[in-house]
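Colleague: Provided below: input_13.cif, containing mmCIF, C-alpha atoms.
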data_protein
#
loop_
_atom_site.label_atom_id
_atom_site.label_comp_id
_atom_site.auth_asym_id
_atom_site.auth_seq_id
_atom_site.Cartn_x
_atom_site.Cartn_y
_atom_site.Cartn_z
CA MET A 1 5.30 267.32 43.50
CA ALA A 2 5.73 265.91 39.99
CA ASP A 3 7.73 263.01 41.28
CA VAL A 4 5.04 262.08 43.70
CA ARG A 5 2.27 261.82 41.09
CA THR A 6 4.52 259.75 38.77
CA ARG A 7 5.11 257.18 41.48
CA SER A 8 1.45 257.04 42.40
CA GLY A 9 0.37 256.50 38.81
CA GLY A 10 2.95 253.81 38.33
CA ASP A 11 1.78 252.02 41.45
CA ARG A 12 -1.82 252.02 40.32
CA SER A 13 -0.83 250.70 36.92
CA ASP A 14 1.15 247.88 38.42
CA ALA A 15 -1.66 246.99 40.79
CA THR A 16 -4.18 247.03 38.01
CA THR A 17 -2.03 244.94 35.80
CA GLY A 18 -1.42 242.40 38.57
CA ALA A 19 -5.12 242.14 39.38
CA THR A 20 -5.92 241.72 35.73
CA THR A 21 -3.36 239.00 35.38
CA GLU A 22 -4.67 237.12 38.44
CA SER A 23 -8.27 237.49 37.29
CA GLY A 24 -7.39 236.24 33.86
CA ALA A 25 -5.61 233.25 35.33
CA SER A 26 -8.64 232.48 37.49
CA ALA A 27 -11.02 232.77 34.59
CA GLY A 28 -8.95 230.50 32.40
CA ARG A 29 -8.50 227.64 34.95
CA THR A 30 -11.27 225.50 36.76
CA PRO A 31 -10.37 224.25 40.25
CA PRO A 32 -9.95 220.46 40.32
CA ASP A 33 -12.42 219.86 43.13
CA ARG A 34 -15.26 221.74 41.43
CA ALA A 35 -14.62 219.82 38.21
CA ASP A 36 -14.97 216.58 40.16
CA TRP A 37 -18.25 217.77 41.64
CA GLY A 38 -19.58 218.49 38.21
CA ARG A 39 -18.60 215.07 36.89
CA ARG A 40 -20.23 213.28 39.85
CA GLY A 41 -23.45 215.24 39.41
CA ARG A 42 -23.53 214.40 35.73
CA ASP A 43 -22.90 210.66 36.51
CA VAL A 44 -25.96 210.47 38.87
CA ARG A 45 -28.21 212.13 36.37
CA GLU A 46 -27.01 209.91 33.59
CA SER A 47 -27.44 206.47 35.59
CA PRO A 48 -31.19 206.01 36.60
CA ASP A 49 -30.82 202.17 36.89
CA GLU A 50 -28.96 202.61 40.16
CA ASP A 51 -31.91 204.56 41.66
CA ARG A 52 -34.43 201.99 40.50
CA GLY A 53 -32.43 199.15 42.05
CA GLN A 54 -32.42 200.89 45.39
CA ILE A 55 -36.18 201.48 45.22
CA ILE A 56 -36.84 197.84 44.31
CA LEU A 57 -34.65 196.64 47.19
CA ILE A 58 -36.43 198.86 49.72
CA THR A 59 -39.85 197.81 48.39
CA GLY A 60 -38.94 194.12 48.61
CA LEU A 61 -37.78 194.46 52.20
CA THR A 62 -40.99 196.29 53.10
CA LEU A 63 -43.18 193.62 51.50
CA ALA A 64 -41.23 190.87 53.27
CA VAL A 65 -41.83 192.53 56.63
CA LEU A 66 -45.53 192.91 55.80
CA PHE A 67 -45.83 189.25 54.77
CA VAL A 68 -44.20 188.09 57.98
CA ALA A 69 -46.55 190.29 60.01
CA VAL A 70 -49.60 188.94 58.16
CA VAL A 71 -48.50 185.33 58.69
CA LEU A 72 -47.98 185.92 62.41
CA LEU A 73 -51.38 187.59 62.67
CA LEU A 74 -53.11 184.72 60.87
CA ASN A 75 -51.39 182.15 63.08
CA THR A 76 -52.57 184.03 66.16
CA VAL A 77 -56.14 184.16 64.87
CA ILE A 78 -56.18 180.45 64.01
CA TYR A 79 -54.69 179.49 67.36
CA THR A 80 -57.21 181.62 69.23
CA GLU A 81 -60.09 180.18 67.22
CA ASN A 82 -58.90 176.63 67.91
CA LEU A 83 -58.76 177.34 71.61
CA ALA A 84 -62.22 178.89 71.52
CA THR A 85 -63.62 175.95 69.55
CA ARG A 86 -62.15 173.43 71.95
CA GLY A 87 -63.59 175.42 74.83
CA VAL A 88 -67.07 175.49 73.29
CA ASP A 89 -66.93 171.77 72.52
CA ALA A 90 -65.95 170.99 76.10
CA GLY A 91 -68.63 173.29 77.47
CA GLY A 92 -71.21 171.85 75.09
CA ALA A 93 -70.40 168.29 76.13
CA GLU A 94 -70.77 169.26 79.78
CA ALA A 95 -74.13 170.90 79.08
CA VAL A 96 -75.44 167.89 77.14
CA GLU A 97 -74.27 165.56 79.90
CA PHE A 98 -76.08 167.73 82.43
CA ARG A 99 -79.25 167.65 80.32
CA ASP A 100 -79.19 163.86 79.87
CA GLY A 101 -78.47 163.26 83.54
CA SER A 102 -81.30 165.54 84.64
CA VAL A 103 -83.81 163.88 82.31
CA GLU A 104 -82.74 160.44 83.53
CA ASP A 105 -83.14 161.54 87.16
CA LEU A 106 -86.61 162.94 86.47
CA ALA A 107 -87.61 159.69 84.75
CA GLY A 108 -86.67 157.87 87.94
CA ILE A 109 -88.62 160.34 90.05
CA LEU A 110 -91.68 159.90 87.81
CA TYR A 111 -91.49 156.12 88.12
CA ARG A 112 -91.12 156.38 91.91
CA GLU A 113 -94.15 158.64 92.28
CA HIS A 114 -96.20 156.28 90.13
CA ARG A 115 -95.14 153.35 92.30
CA ASN A 116 -95.96 155.15 95.54
CA GLY A 117 -99.60 154.24 94.95
CA SER A 118 -101.34 157.59 95.47
CA ALA A 119 -104.58 157.94 93.52
CA ASN A 120 -103.03 160.62 91.30
CA ALA A 121 -99.26 160.85 90.91
CA THR A 122 -99.20 164.11 88.93
CA ALA A 123 -99.10 166.59 91.82
CA PRO A 124 -96.51 164.61 93.83
CA PHE A 125 -94.28 164.34 90.77
CA LEU A 126 -94.45 168.07 90.00
CA ALA A 127 -93.57 168.86 93.63
CA SER A 128 -90.66 166.40 93.61
CA ALA A 129 -89.42 167.77 90.29
CA GLU A 130 -89.46 171.31 91.68
CA ARG A 131 -87.38 170.24 94.70
CA TYR A 132 -84.98 168.42 92.39
CA GLY A 133 -84.53 171.55 90.25
CA ARG A 134 -83.71 173.69 93.29
CA THR A 135 -81.23 171.12 94.59
CA VAL A 136 -79.45 170.76 91.27
CA GLY A 137 -79.31 174.52 90.77
CA GLY A 138 -77.72 175.00 94.21
CA LEU A 139 -75.13 172.29 93.66
CA ARG A 140 -74.11 173.58 90.22
CA ALA A 141 -73.87 177.15 91.51
CA ARG A 142 -70.90 176.06 93.65
CA ASP A 143 -69.02 175.40 90.41
CA GLY A 144 -69.94 178.78 88.95
CA VAL A 145 -72.69 177.34 86.72
CA VAL A 146 -76.21 178.72 86.40
CA ALA A 147 -78.36 175.58 86.06
CA ASP A 148 -82.11 175.36 85.89
CA VAL A 149 -84.23 172.22 85.45
CA ARG A 150 -87.93 172.84 85.26
CA VAL A 151 -90.92 170.66 84.40
CA ASN A 152 -93.48 172.57 82.37
CA ALA A 153 -96.74 171.62 84.08
CA SER A 154 -98.79 173.01 81.20
CA THR A 155 -97.39 170.28 78.90
CA VAL A 156 -98.48 167.32 81.04
CA ASP A 157 -100.07 164.60 78.92
CA SER A 158 -102.08 162.58 81.40
CA GLY A 159 -101.81 158.84 81.57
CA HIS A 160 -102.40 155.80 83.77
CA PHE A 161 -99.85 153.71 85.61
CA ILE A 162 -100.77 150.03 85.95
CA ALA A 163 -98.72 147.65 88.09
CA GLN A 164 -98.57 144.41 89.96
CA ASN A 165 -95.99 144.31 92.74
CA GLU A 166 -94.46 141.45 94.63
CA THR A 167 -96.40 140.48 97.76
CA ASP A 168 -95.14 139.35 101.14
CA ALA A 169 -95.81 135.80 99.97
CA GLY A 170 -93.80 136.30 96.78
CA PHE A 171 -94.91 136.58 93.19
CA ARG A 172 -98.61 136.62 92.36
CA ASN A 173 -100.06 135.05 89.22
CA MET A 174 -101.20 137.16 86.28
CA THR A 175 -104.91 136.88 86.92
CA ALA A 176 -107.42 139.68 87.47
CA PRO A 177 -107.78 141.23 90.95
CA ASP A 178 -110.21 138.48 91.93
CA GLY A 179 -107.34 135.99 91.70
CA THR A 180 -109.19 133.53 89.48
CA THR A 181 -110.03 135.17 86.14
CA ALA A 182 -107.26 134.08 83.79
CA ASP A 183 -108.43 135.90 80.65
CA TRP A 184 -109.11 139.57 81.33
CA THR A 185 -108.59 143.15 80.11
CA VAL A 186 -105.75 145.05 81.73
CA ALA A 187 -106.53 148.33 79.95
CA GLY A 188 -109.15 149.08 77.30
CA GLY A 189 -109.23 151.92 74.77
CA VAL A 190 -105.45 152.44 74.76
CA ASN A 191 -103.71 154.56 72.11
CA ARG A 192 -100.10 154.35 73.29
CA THR A 193 -98.17 152.25 75.79
CA ARG A 194 -94.74 152.90 77.28
CA ASN A 195 -92.36 151.36 79.81
CA TYR A 196 -94.06 147.95 79.72
CA ARG A 197 -91.94 145.43 81.63
CA LEU A 198 -92.70 141.92 82.88
CA THR A 199 -90.63 139.93 85.35
CA VAL A 200 -91.63 136.28 85.62
CA ASP A 201 -90.54 133.24 87.54
CA SER A 202 -89.38 131.08 84.67
CA THR A 203 -90.33 127.90 86.54
CA SER A 204 -93.96 129.03 86.77
CA VAL A 205 -94.72 129.32 83.05
CA ALA A 206 -96.40 126.58 81.00
CA THR A 207 -94.30 123.95 79.28
CA SER A 208 -96.19 124.26 75.99
CA ALA A 209 -96.90 127.29 73.82
CA GLY A 210 -100.56 126.35 73.41
CA ALA A 211 -101.40 126.96 77.07
CA ALA A 212 -98.82 129.69 77.70
CA PHE A 213 -99.39 132.99 79.45
CA THR A 214 -99.97 135.56 76.68
CA VAL A 215 -100.03 139.37 76.48
CA VAL A 216 -102.35 140.58 73.71
CA ALA A 217 -102.70 143.97 72.02
CA ASP A 218 -106.13 143.63 70.43
CA GLY A 219 -107.03 146.26 67.84
CA ALA A 220 -109.91 146.78 65.47
CA GLY A 221 -107.85 145.66 62.47
CA GLY A 222 -106.07 142.71 64.10
CA ASN A 223 -104.05 141.75 67.12
CA TRP A 224 -100.49 141.22 68.27
CA SER A 225 -99.34 138.93 71.06
CA VAL A 226 -96.34 137.57 72.94
CA SER A 227 -96.40 134.23 74.80
CA LEU A 228 -94.03 132.82 77.44
CA SER A 229 -93.39 129.11 77.87
CA ASN A 230 -90.63 126.91 79.19
CA ASP A 231 -89.54 123.38 78.34
CA ALA A 232 -86.22 123.55 80.22
CA ALA A 233 -85.16 124.80 83.63
CA ASP A 234 -82.57 127.17 82.24
CA ALA A 235 -84.44 128.59 79.24
CA ILE A 236 -87.60 130.49 78.33
CA ASP A 237 -89.38 130.43 74.97
CA VAL A 238 -90.74 133.75 73.74
CA THR A 239 -93.21 133.61 70.85
CA VAL A 240 -94.36 136.75 69.01
CA ARG A 241 -97.42 136.64 66.74
CA ASN A 242 -99.03 139.24 64.50
CA GLU A 243 -101.50 139.02 61.65
CA THR A 244 -98.92 137.72 59.17
CA ASP A 245 -96.11 136.01 61.04
CA THR A 246 -95.05 133.99 64.10
CA VAL A 247 -91.51 134.13 65.48
CA SER A 248 -90.27 132.06 68.43
CA GLU A 249 -86.89 132.17 70.13
CA THR A 250 -85.37 130.47 73.15
CA PHE A 251 -83.36 132.52 75.64
CA LEU A 252 -81.02 130.81 78.09
CA HIS A 253 -80.70 131.94 81.67
CA ASP A 254 -79.45 130.65 85.00
CA SER A 255 -81.63 127.82 86.29
CA GLY A 256 -84.38 129.02 88.58
CA GLU A 257 -83.71 132.71 87.88
CA ASN A 258 -86.41 135.27 87.16
CA VAL A 259 -86.57 136.59 83.60
CA THR A 260 -87.41 140.19 82.64
CA ILE A 261 -89.12 140.86 79.32
CA ASP A 262 -89.19 144.52 78.28
CA LEU A 263 -92.06 144.60 75.82
CA THR A 264 -91.60 148.19 74.63
CA ALA A 265 -87.79 148.01 74.47
CA GLY A 266 -87.83 144.62 72.73
CA THR A 267 -85.44 142.75 75.03
CA VAL A 268 -85.44 139.48 77.01
CA ASP A 269 -83.14 139.62 80.02
CA GLY A 270 -81.29 142.46 78.29
CA GLN A 271 -80.85 140.50 75.05
CA ARG A 272 -82.23 142.14 71.96
CA PHE A 273 -85.11 140.28 70.27
CA PRO A 274 -85.77 141.98 66.90
CA ALA A 275 -89.18 140.34 66.47
CA LEU A 276 -90.37 141.75 69.79
CA VAL A 277 -91.80 145.09 68.62
CA TRP A 278 -94.65 146.11 70.89
CA ALA A 279 -98.10 146.02 69.26
CA GLU A 280 -96.58 145.94 65.77
CA GLY A 281 -99.36 146.45 63.26
CA VAL A 282 -101.78 147.49 66.03
CA GLN A 283 -100.31 150.65 67.59
CA ASN A 284 -99.54 153.28 64.98
CA GLY A 285 -96.81 155.80 65.58
CA SER A 286 -98.60 159.11 64.98
CA GLU A 287 -101.94 160.80 65.36
CA PRO A 288 -104.71 159.96 64.83
CA TYR A 289 -104.03 156.88 66.96
CA ASP A 290 -105.97 153.66 66.62
CA SER A 291 -107.18 152.40 69.98
CA TYR A 292 -106.66 148.86 71.20
CA ASP A 293 -107.08 146.76 74.34
CA VAL A 294 -104.29 145.25 76.40
CA ARG A 295 -105.40 141.78 77.57
CA TYR A 296 -103.97 138.79 79.42
CA GLU A 297 -104.73 135.21 78.47
CA ASN A 298 -103.94 132.17 80.61
CA GLY A 299 -103.00 134.35 83.57
CA THR A 300 -102.74 131.30 85.82
CA GLU A 301 -99.78 130.07 83.78
CA ALA A 302 -97.22 132.58 85.07
CA ARG A 303 -96.26 134.32 88.29
CA GLY A 304 -94.46 137.62 88.47
CA THR A 305 -94.67 141.39 88.44
CA TYR A 306 -95.31 143.97 85.75
CA HIS A 307 -95.82 147.67 85.16
CA LEU A 308 -96.85 149.79 82.18
CA VAL A 309 -98.08 153.29 81.41
CA VAL A 310 -100.94 153.92 78.96
CA ASP A 311 -102.22 157.24 77.71
CA GLU A 312 -105.93 156.35 77.74
CA ARG A 313 -108.17 153.71 79.27
CA ASP A 314 -111.88 153.07 79.31
CA GLY A 315 -113.97 151.46 82.02
CA THR A 316 -113.68 147.86 80.85
CA SER A 317 -110.82 146.94 83.20
CA PRO A 318 -111.56 145.85 86.78
CA LEU A 319 -108.51 147.71 88.13
CA THR A 320 -108.75 150.52 90.71
CA ASP A 321 -106.22 152.44 92.77
CA SER A 322 -106.80 150.05 95.71
CA SER A 323 -106.97 146.72 93.87
CA ARG A 324 -104.12 144.30 93.29
CA PRO A 325 -102.94 144.75 90.57
CA TYR A 326 -103.79 148.48 90.62
CA VAL A 327 -104.02 151.59 88.45
CA VAL A 328 -103.35 155.25 89.37
CA GLU A 329 -103.74 158.49 87.48
CA GLY A 330 -100.36 159.71 86.32
CA ILE A 331 -98.34 161.21 83.51
CA TYR A 332 -97.78 159.72 80.09
CA SER A 333 -95.43 162.51 78.94
CA VAL A 334 -94.31 165.99 79.94
CA GLU A 335 -91.75 168.53 78.74
CA VAL A 336 -88.64 169.37 80.73
CA GLU A 337 -86.84 172.69 80.20
CA VAL A 338 -83.10 172.63 80.88
CA LEU A 339 -80.75 175.63 81.13
CA HIS A 340 -76.96 175.36 81.63
CA ARG A 341 -74.96 178.61 81.61
CA THR A 342 -71.22 179.06 82.09
CA PRO A 343 -69.04 182.10 81.40
CA GLY A 344 -68.22 180.60 77.99
CA LEU A 345 -71.50 179.03 76.91
CA THR A 346 -75.25 179.29 77.41
CA TYR A 347 -77.15 176.10 76.57
CA GLY A 348 -80.89 175.52 76.69
CA ASP A 349 -83.09 172.66 75.56
CA THR A 350 -86.60 171.30 75.93
CA VAL A 351 -86.89 167.52 76.25
CA ARG A 352 -90.05 165.43 76.11
CA LEU A 353 -90.04 163.08 79.07
CA ALA A 354 -91.78 159.80 78.18
CA PRO A 355 -89.42 157.02 79.30
CA GLY A 356 -89.80 153.59 77.75
CA GLU A 357 -91.74 154.48 74.64
CA ARG A 358 -91.56 151.93 71.86
CA ASP A 359 -89.67 154.30 69.52
CA ALA A 360 -87.49 155.86 72.25
#
The structure in this file should be written as C-alpha cells.
Modeller:
Amino acid sequence: MADVRTRSGGDRSDATTGATTESGASAGRTPPDRADWGRRGRDVRESPDEDRGQIILITGLTLAVLFVAVVLLLNTVIYTENLATRGVDAGGAEAVEFRDGSVEDLAGILYREHRNGSANATAPFLASAERYGRTVGGLRARDGVVADVRVNASTVDSGHFIAQNETDAGFRNMTAPDGTTADWTVAGGVNRTRNYRLTVDSTSVATSAGAAFTVVADGAGGNWSVSLSNDAADAIDVTVRNETDTVSETFLHDSGENVTIDLTAGTVDGQRFPALVWAEGVQNGSEPYDSYDVRYENGTEARGTYHLVVDERDGTSPLTDSSRPYVVEGIYSVEVEVLHRTPGLTYGDTVRLAPGERDA
C-alpha cells in the first residue's frame, strides 16, 4: 500500500512540474504570427495619409462620373431644344405662308365681286369668302392641319367701287357717262382711296403737258394731280404736282403698248416712281380724315380703263350702278381671322383686308 501512494504522489509532482514548465515557456514567448499581426495593426493606425489618399481617389472618380453624366444630360437637352426650335420655325413659316396666301386669295375674291357689277358687292363677297373658308379647311384637313379662314362681317368698313371697263369697241375715253364732259367729278367727299389703277393707250394721250389728261385730288387746303402726256411712240410722260413742287419723268415702253399707272402703289408699268404718292398733302393718314374730291380734267385726251375704291362719296358724281363708268356699294376694308393648327403649333392672326392702300 505504501509503495502505491509513493508512486502516485511522484507522478502528480512530475505532471505538475511539466505543466508548470510548459506554461512558463508559453508565457515567456510570443508566437511569431501574433507579433506580426500586432505590428501591422500598429502600422495602419500610425499612417493616416494612406487612408486619405484612398478617399481622395474615390471622391475624384465619383466627381468625374458625375461631370460626364451632367455633360451628356446637357447635350441631350440642347439637342432636343434645337430640334424643337427648328420644328417651331418650320411650322411657323408654314402658318404665315398659309395666312398670306389666304389673304391674297380673299383680296382677289373681293375684287372679283366688285367687278361683277351687282348694286352691292358686300353680301356676295361674304358668301364667297365663307365658301372659300370651307374649301380651304377641307383641303388642309387632308394633311392633318386644322385650318380656318373667316371674314368677320361685323368689321366691314363700307366703301364704293368705281370702274370703267373695256367695251366691245375697245377702250373708252375718260369722260363722264354722257361721253362728252371732259372735266368732271369721279367721287366727291372722299376720305381714303385704295387700289387706284389706270391703264391707258399711250398713243391716245396728248402730246403736251398743258392739255394732258389729269387726275386731281382736290382738298380744302390744296390739291394734288398727276398728268399723262406723250411726245414719243415708245414713251409716256408722267407729271406729278402738289402745292409746292412739280416732278416729271419719262417712262419707256414698247411702241403702241398700253401703260398701267398704279396711283396708290406709285408705279408706272411696274417701275417705281418715288414722286407718285397718291394725294400727297391732301389725304392724311389717320383720323380725323380730311375729305377731298377725285376729279378728271381733259378726259377726252386719253382712252383706257380704271378702277378705284373709296370709303365715302357724296352725291356730286353722276355715276350710278348702271352707268358707264359705274359705281357699286362695296367694302373698303374688313378683318380676316386666320387659324392654322398642327400637332406642333397653333397659330392665329387677324389681318385687315384693304388691298392697294397707299401705305400698304
Colleague: Using all atoms listed in the file, which residues sit within 7 Å of Ile331 of chain A once same-chain residues fewer than 6 positions away are excluded, as a PyMOL selection string?
Modeller: chain A and resi 122+156-160
Colleague: Would you please work out which residue, of A:Val65, A:Val149, A:Ala209, A:Ala95, is nearest to Val136 of chain A when using only C-alpha atoms?
Modeller: A:Val149
Colleague: Pick out the residues sitting within 8 Å of Ile109 of chain A, and hand them over as a list in words; count only C-alpha atoms, and ignore anything fewer than 3 positions along from it in its own chain.
Modeller: Asp105, Leu106, Arg112, Glu113, Phe125, Ser128 and Ala129 of chain A
Colleague: Output the residue selection produced by the PyMOL selection byres ((chain A and resi 226) around 6) on the file above, formatted as a PyMOL selection string.
Modeller: chain A and resi 214-215+225+227+239-240
Colleague: Would you pick out the contacts of segment 289-305 of chain A at 6 Å or less, using only C-alpha atoms, so that residues sharing its chain but fewer than 5 positions from it are not included, and give the list as a PyMOL selection string?
Modeller: chain A and resi 164-165+171-175+182-191+198-201+204-206+213-219
Colleague: With C-alpha atoms kept, could you save the residues just selected as a CSV table (one decimal), in the coordinates of the input?
Modeller:
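Full text of again_26.csv as output:
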chain,number,residue,atom,x,y,z
A,164,GLN,CA,-98.6,144.4,90.0
A,165,ASN,CA,-96.0,144.3,92.7
A,171,PHE,CA,-94.9,136.6,93.2
A,172,ARG,CA,-98.6,136.6,92.4
A,173,ASN,CA,-100.1,135.0,89.2
A,174,MET,CA,-101.2,137.2,86.3
A,175,THR,CA,-104.9,136.9,86.9
A,182,ALA,CA,-107.3,134.1,83.8
A,183,ASP,CA,-108.4,135.9,80.6
A,184,TRP,CA,-109.1,139.6,81.3
A,185,THR,CA,-108.6,143.2,80.1
A,186,VAL,CA,-105.8,145.0,81.7
A,187,ALA,CA,-106.5,148.3,80.0
A,188,GLY,CA,-109.2,149.1,77.3
A,189,GLY,CA,-109.2,151.9,74.8
A,190,VAL,CA,-105.4,152.4,74.8
A,191,ASN,CA,-103.7,154.6,72.1
A,198,LEU,CA,-92.7,141.9,82.9
A,199,THR,CA,-90.6,139.9,85.4
A,200,VAL,CA,-91.6,136.3,85.6
A,201,ASP,CA,-90.5,133.2,87.5
A,204,SER,CA,-94.0,129.0,86.8
A,205,VAL,CA,-94.7,129.3,83.0
A,206,ALA,CA,-96.4,126.6,81.0
A,213,PHE,CA,-99.4,133.0,79.4
A,214,THR,CA,-100.0,135.6,76.7
A,215,VAL,CA,-100.0,139.4,76.5
A,216,VAL,CA,-102.4,140.6,73.7
A,217,ALA,CA,-102.7,144.0,72.0
A,218,ASP,CA,-106.1,143.6,70.4
A,219,GLY,CA,-107.0,146.3,67.8
Colleague: What residues come out when you apply the PyMOL selection byres ((chain A and resi 341-352) around 12) to this file, written as a CSV table (one decimal) with C-alpha atoms, keeping the file's coordinate frame?
Modeller:
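Just written: result_24.csv:
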chain,number,residue,atom,x,y,z
A,83,LEU,CA,-58.8,177.3,71.6
A,84,ALA,CA,-62.2,178.9,71.5
A,85,THR,CA,-63.6,176.0,69.6
A,86,ARG,CA,-62.2,173.4,72.0
A,87,GLY,CA,-63.6,175.4,74.8
A,88,VAL,CA,-67.1,175.5,73.3
A,89,ASP,CA,-66.9,171.8,72.5
A,90,ALA,CA,-66.0,171.0,76.1
A,91,GLY,CA,-68.6,173.3,77.5
A,92,GLY,CA,-71.2,171.8,75.1
A,93,ALA,CA,-70.4,168.3,76.1
A,94,GLU,CA,-70.8,169.3,79.8
A,95,ALA,CA,-74.1,170.9,79.1
A,96,VAL,CA,-75.4,167.9,77.1
A,97,GLU,CA,-74.3,165.6,79.9
A,98,PHE,CA,-76.1,167.7,82.4
A,99,ARG,CA,-79.2,167.6,80.3
A,100,ASP,CA,-79.2,163.9,79.9
A,101,GLY,CA,-78.5,163.3,83.5
A,102,SER,CA,-81.3,165.5,84.6
A,103,VAL,CA,-83.8,163.9,82.3
A,104,GLU,CA,-82.7,160.4,83.5
A,106,LEU,CA,-86.6,162.9,86.5
A,107,ALA,CA,-87.6,159.7,84.8
A,137,GLY,CA,-79.3,174.5,90.8
A,140,ARG,CA,-74.1,173.6,90.2
A,141,ALA,CA,-73.9,177.2,91.5
A,142,ARG,CA,-70.9,176.1,93.6
A,143,ASP,CA,-69.0,175.4,90.4
A,144,GLY,CA,-69.9,178.8,89.0
A,145,VAL,CA,-72.7,177.3,86.7
A,146,VAL,CA,-76.2,178.7,86.4
A,147,ALA,CA,-78.4,175.6,86.1
A,148,ASP,CA,-82.1,175.4,85.9
A,149,VAL,CA,-84.2,172.2,85.4
A,150,ARG,CA,-87.9,172.8,85.3
A,151,VAL,CA,-90.9,170.7,84.4
A,152,ASN,CA,-93.5,172.6,82.4
A,155,THR,CA,-97.4,170.3,78.9
A,156,VAL,CA,-98.5,167.3,81.0
A,157,ASP,CA,-100.1,164.6,78.9
A,331,ILE,CA,-98.3,161.2,83.5
A,332,TYR,CA,-97.8,159.7,80.1
A,333,SER,CA,-95.4,162.5,78.9
A,334,VAL,CA,-94.3,166.0,79.9
A,335,GLU,CA,-91.8,168.5,78.7
A,336,VAL,CA,-88.6,169.4,80.7
A,337,GLU,CA,-86.8,172.7,80.2
A,338,VAL,CA,-83.1,172.6,80.9
A,339,LEU,CA,-80.8,175.6,81.1
A,340,HIS,CA,-77.0,175.4,81.6
A,353,LEU,CA,-90.0,163.1,79.1
A,354,ALA,CA,-91.8,159.8,78.2
A,355,PRO,CA,-89.4,157.0,79.3
A,356,GLY,CA,-89.8,153.6,77.8
A,357,GLU,CA,-91.7,154.5,74.6
A,360,ALA,CA,-87.5,155.9,72.2
Colleague: One decimal, Å: what's the distance from atom CA of Asp321 of chain A over to atom CA of Gln283 of chain A, could you say?
Modeller: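 Going from atom CA of Asp321 of chain A over to atom CA of Gln283 of chain A, I get 25.9 Å.
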Colleague: Do you know which residues the PyMOL selection byres ((chain A and resi 195) around 12) returns on this file, as a ChimeraX atom specification?
Modeller: /A:107-108,110-111,160-163,192-194,196-198,261-266,278,306-311,332-333,353-360
Colleague: If I take atom CA of Ala233 of chain A and atom CA of Ser248 of chain A, how far is one from the other in Å, to one decimal?
Modeller: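 Going from atom CA of Ala233 of chain A over to atom CA of Ser248 of chain A, I get 17.6 Å.
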Colleague: Could you work out how far atom CA of Leu72 of chain A lies from atom CA of Thr59 of chain A, giving the answer in Å with one decimal?
Modeller: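 Interatomic distance here is 20.1 Å.
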Colleague: So that all listed atoms of segment 318-324 of chain A fit with 4 Å spare on each side, what axis-aligned box centre and edge lengths in Å, to one decimal, would you give as JSON?
Modeller:
{"center_x": -107.8, "center_y": 148.4, "center_z": 91.2, "size_x": 15.4, "size_y": 16.1, "size_z": 16.9}
Colleague: Between A:Ser255, A:Asn75, A:Ser202, A:Thr244, which has the minimum distance to Asn230 of chain A (counting all atoms listed in the file)?
Modeller: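 The closest residue to Asn230 of chain A is A:Ser202.
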Colleague: Hey, which of A:Leu57, A:Leu73, A:Leu63, A:Ala176 ends up closest to Pro325 of chain A? Count all atoms listed in the file.
Modeller: A:Ala176
Colleague: Would you mind writing segment 191-200 of chain A with N, CA, C and O atoms, as a PDB file, keeping the file's coordinate frame?
Modeller:
ATOM      1  N   ASN A 191    -104.317 154.068  73.359  1.00  0.00           N
ATOM      2  CA  ASN A 191    -103.710 154.560  72.110  1.00  0.00           C
ATOM      3  C   ASN A 191    -102.207 154.311  72.069  1.00  0.00           C
ATOM      4  O   ASN A 191    -101.664 153.970  71.024  1.00  0.00           O
ATOM      5  N   ARG A 192    -101.552 154.517  73.214  1.00  0.00           N
ATOM      6  CA  ARG A 192    -100.100 154.350  73.290  1.00  0.00           C
ATOM      7  C   ARG A 192     -99.735 153.694  74.623  1.00  0.00           C
ATOM      8  O   ARG A 192    -100.399 153.909  75.629  1.00  0.00           O
ATOM      9  N   THR A 193     -98.670 152.931  74.590  1.00  0.00           N
ATOM     10  CA  THR A 193     -98.170 152.250  75.790  1.00  0.00           C
ATOM     11  C   THR A 193     -96.674 152.475  75.884  1.00  0.00           C
ATOM     12  O   THR A 193     -95.967 152.396  74.885  1.00  0.00           O
ATOM     13  N   ARG A 194     -96.185 152.741  77.090  1.00  0.00           N
ATOM     14  CA  ARG A 194     -94.740 152.900  77.280  1.00  0.00           C
ATOM     15  C   ARG A 194     -94.295 152.193  78.556  1.00  0.00           C
ATOM     16  O   ARG A 194     -95.087 151.895  79.446  1.00  0.00           O
ATOM     17  N   ASN A 195     -92.998 151.913  78.617  1.00  0.00           N
ATOM     18  CA  ASN A 195     -92.360 151.360  79.810  1.00  0.00           C
ATOM     19  C   ASN A 195     -93.077 150.108  80.322  1.00  0.00           C
ATOM     20  O   ASN A 195     -93.372 149.973  81.509  1.00  0.00           O
ATOM     21  N   TYR A 196     -93.330 149.183  79.383  1.00  0.00           N
ATOM     22  CA  TYR A 196     -94.060 147.950  79.720  1.00  0.00           C
ATOM     23  C   TYR A 196     -93.030 146.851  79.978  1.00  0.00           C
ATOM     24  O   TYR A 196     -92.334 146.395  79.075  1.00  0.00           O
ATOM     25  N   ARG A 197     -92.960 146.421  81.239  1.00  0.00           N
ATOM     26  CA  ARG A 197     -91.940 145.430  81.630  1.00  0.00           C
ATOM     27  C   ARG A 197     -92.569 144.345  82.496  1.00  0.00           C
ATOM     28  O   ARG A 197     -93.282 144.631  83.461  1.00  0.00           O
ATOM     29  N   LEU A 198     -92.258 143.104  82.134  1.00  0.00           N
ATOM     30  CA  LEU A 198     -92.700 141.920  82.880  1.00  0.00           C
ATOM     31  C   LEU A 198     -91.482 141.237  83.507  1.00  0.00           C
ATOM     32  O   LEU A 198     -90.438 141.108  82.853  1.00  0.00           O
ATOM     33  N   THR A 199     -91.628 140.802  84.742  1.00  0.00           N
ATOM     34  CA  THR A 199     -90.630 139.930  85.350  1.00  0.00           C
ATOM     35  C   THR A 199     -91.347 138.678  85.826  1.00  0.00           C
ATOM     36  O   THR A 199     -92.300 138.765  86.625  1.00  0.00           O
ATOM     37  N   VAL A 200     -90.919 137.527  85.309  1.00  0.00           N
ATOM     38  CA  VAL A 200     -91.630 136.280  85.620  1.00  0.00           C
ATOM     39  C   VAL A 200     -90.673 135.252  86.224  1.00  0.00           C
ATOM     40  O   VAL A 200     -89.472 135.248  85.925  1.00  0.00           O
TER      41      VAL A 200
END
